[in-house]
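Notes follow once the structure below has been shown.
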Amino acid sequence: MVTPPSADLAQYRVTFFFGPEPVENQPDHVRCVFNVKKRSWKGGVQVGIDVAQDYLDQAREQIGFSSWIHHQLQQVSQEDRDEVMRRAEELFIQSLCTCALNLALQAGIEQQNQIVAVTTFATELQRITHEQPEQVTDLIRLELDLGETSEI
C-alpha cells in the first residue's frame with residue numbers, strides 16, 4: 001500500500017475545515033483547508049492544499065472517476081442523482097487534497113499556518129491515483145453511503 005505508515009500519521013489529529021473554495025487571484029485553482037494538531041505542539045495550525053483545475057481533470061481521468069461515479073449512481077434514486085453528483089465532485093477534490101495532506105504530514109510539516117500546492121506531491125499522488133484509486137474513491141463512497149467498493 002502506498003499510504004504513509006500509520007505510526008507517522010497517528011501523531012497528528014486532522015480535521016477538515018472547509019473547501020473546496022476558489023483561490024484568490026488564481027481562478028483555475030481551488031483550496032481545501034484542514035486543521036492539523038501534532039501531539040507535541042501546543043496548538044494546531046491550518047494547512048491549505050491548493051489544486052489547479054488541470055490537475056483535477058488529470059486525476060479524474062486517471063482514476064476513471066466519471067465511469068466510477070456513474071456506476072455508483074445506479075444505487076441512487078433518479079431524483080437524488082444531480083445532488084449526489086454535485087456532492088461527489090466536491091468530495092473528489094476533498095479526497096484528493098486529503099491524500100496530499102497525508103503525504104505532507106508524512107514528509108513533516110512546520111508548526112505554522114501554510115499552503116501546500118498539490119503538485120508538491122505530484123509523483124506520489126499520480127502513483128496513488130494510478131495504482132490505488134480506491135484511496136480517493138473510498139472516502140467519497142463512504143461519505144455518500146454508496147455501499148461496497150466496486151472496480152474502477
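Simple scheme: letters A, B, ... for chains in C-alpha cells order, numbers from 1 for residues in each chain, numbers from 1 for ligands in the order shown.
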
Query raised in the report: What residues in range 24-132 of chain A get the DSSP label strand (DSSP E or B)? Please answer as JSON, numbers by chain.
Result: {"A": [26, 27, 28, 29, 30, 31, 32, 33, 34, 35, 36, 37, 38, 45, 46, 47, 48, 49, 50, 51, 52, 114, 115, 116, 117]}

Residues near Pro22 in chain A, anyone? I mean within 7 Å using only C-alpha atoms, not counting same-chain ones fewer than 6 positions away, as a compact mmCIF listing (two decimals) with C-alpha atoms, in the first residue's frame.
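Written out: part-v1.txt:
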```txt
# COMPACT_ATOMS: atom_id res chain seq x y z
CA HIS A 29 -7.32 26.81 -8.51
CA VAL A 30 -9.33 25.61 -5.52
CA ARG A 31 -8.24 25.11 -1.91
```

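For the pair CA of Phe16 in chain A and CA of Ile140 in chain A, the interatomic distance is 14.1 Å.
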
Requested in this report: Name all residues at most 8 Å from Arg13 in chain A (count only C-alpha atoms; drop same-chain ones fewer than 5 positions away) and give them as a count of residues only.
Outcome: 4

Could you pull out all residues of range 52-103 of chain A with a DSSP call of alpha helix (DSSP H) and give them as a CSV table (one decimal) with C-alpha atoms, in the first residue's frame?
```
chain,number,residue,atom,x,y,z
A,53,GLN,CA,-8.3,22.5,-12.3
A,54,ASP,CA,-6.0,20.9,-14.9
A,55,TYR,CA,-4.6,18.7,-12.2
A,56,LEU,CA,-8.1,17.7,-11.0
A,57,ASP,CA,-9.1,16.9,-14.6
A,58,GLN,CA,-6.0,14.7,-15.0
A,59,ALA,CA,-6.7,12.9,-11.7
A,60,ARG,CA,-10.3,12.3,-12.7
A,61,GLU,CA,-9.2,10.8,-16.0
A,62,GLN,CA,-6.5,8.6,-14.4
A,63,ILE,CA,-9.0,7.3,-11.8
A,65,PHE,CA,-13.9,8.9,-12.0
A,66,SER,CA,-16.7,9.6,-14.5
A,67,SER,CA,-17.4,5.9,-15.1
A,68,TRP,CA,-16.9,5.0,-11.4
A,69,ILE,CA,-19.4,7.7,-10.2
A,70,HIS,CA,-22.0,6.8,-12.9
A,71,HIS,CA,-21.8,3.2,-11.8
A,72,GLN,CA,-22.2,4.3,-8.2
A,81,ARG,CA,-28.7,11.9,-8.7
A,82,ASP,CA,-28.0,15.5,-9.5
A,83,GLU,CA,-27.4,16.4,-5.9
A,84,VAL,CA,-25.3,13.3,-5.2
A,85,MET,CA,-23.2,14.0,-8.4
A,86,ARG,CA,-22.6,17.6,-7.2
A,87,ARG,CA,-21.6,16.4,-3.8
A,88,ALA,CA,-19.4,13.7,-5.3
A,89,GLU,CA,-17.5,16.3,-7.3
A,90,GLU,CA,-16.8,18.3,-4.1
A,91,LEU,CA,-15.8,15.1,-2.2
A,92,PHE,CA,-13.4,14.2,-5.1
A,93,ILE,CA,-11.5,17.4,-4.5
A,94,GLN,CA,-11.5,17.0,-0.7
A,95,SER,CA,-10.4,13.4,-1.0
A,96,LEU,CA,-7.5,14.2,-3.4
A,97,CYS,CA,-6.5,17.1,-1.0
A,98,THR,CA,-6.6,14.7,1.9
A,99,CYS,CA,-4.2,12.3,0.1
A,100,ALA,CA,-1.9,15.3,-0.5
A,101,LEU,CA,-2.2,16.4,3.1
A,102,ASN,CA,-1.3,12.9,4.3
A,103,LEU,CA,1.8,13.0,2.1
```
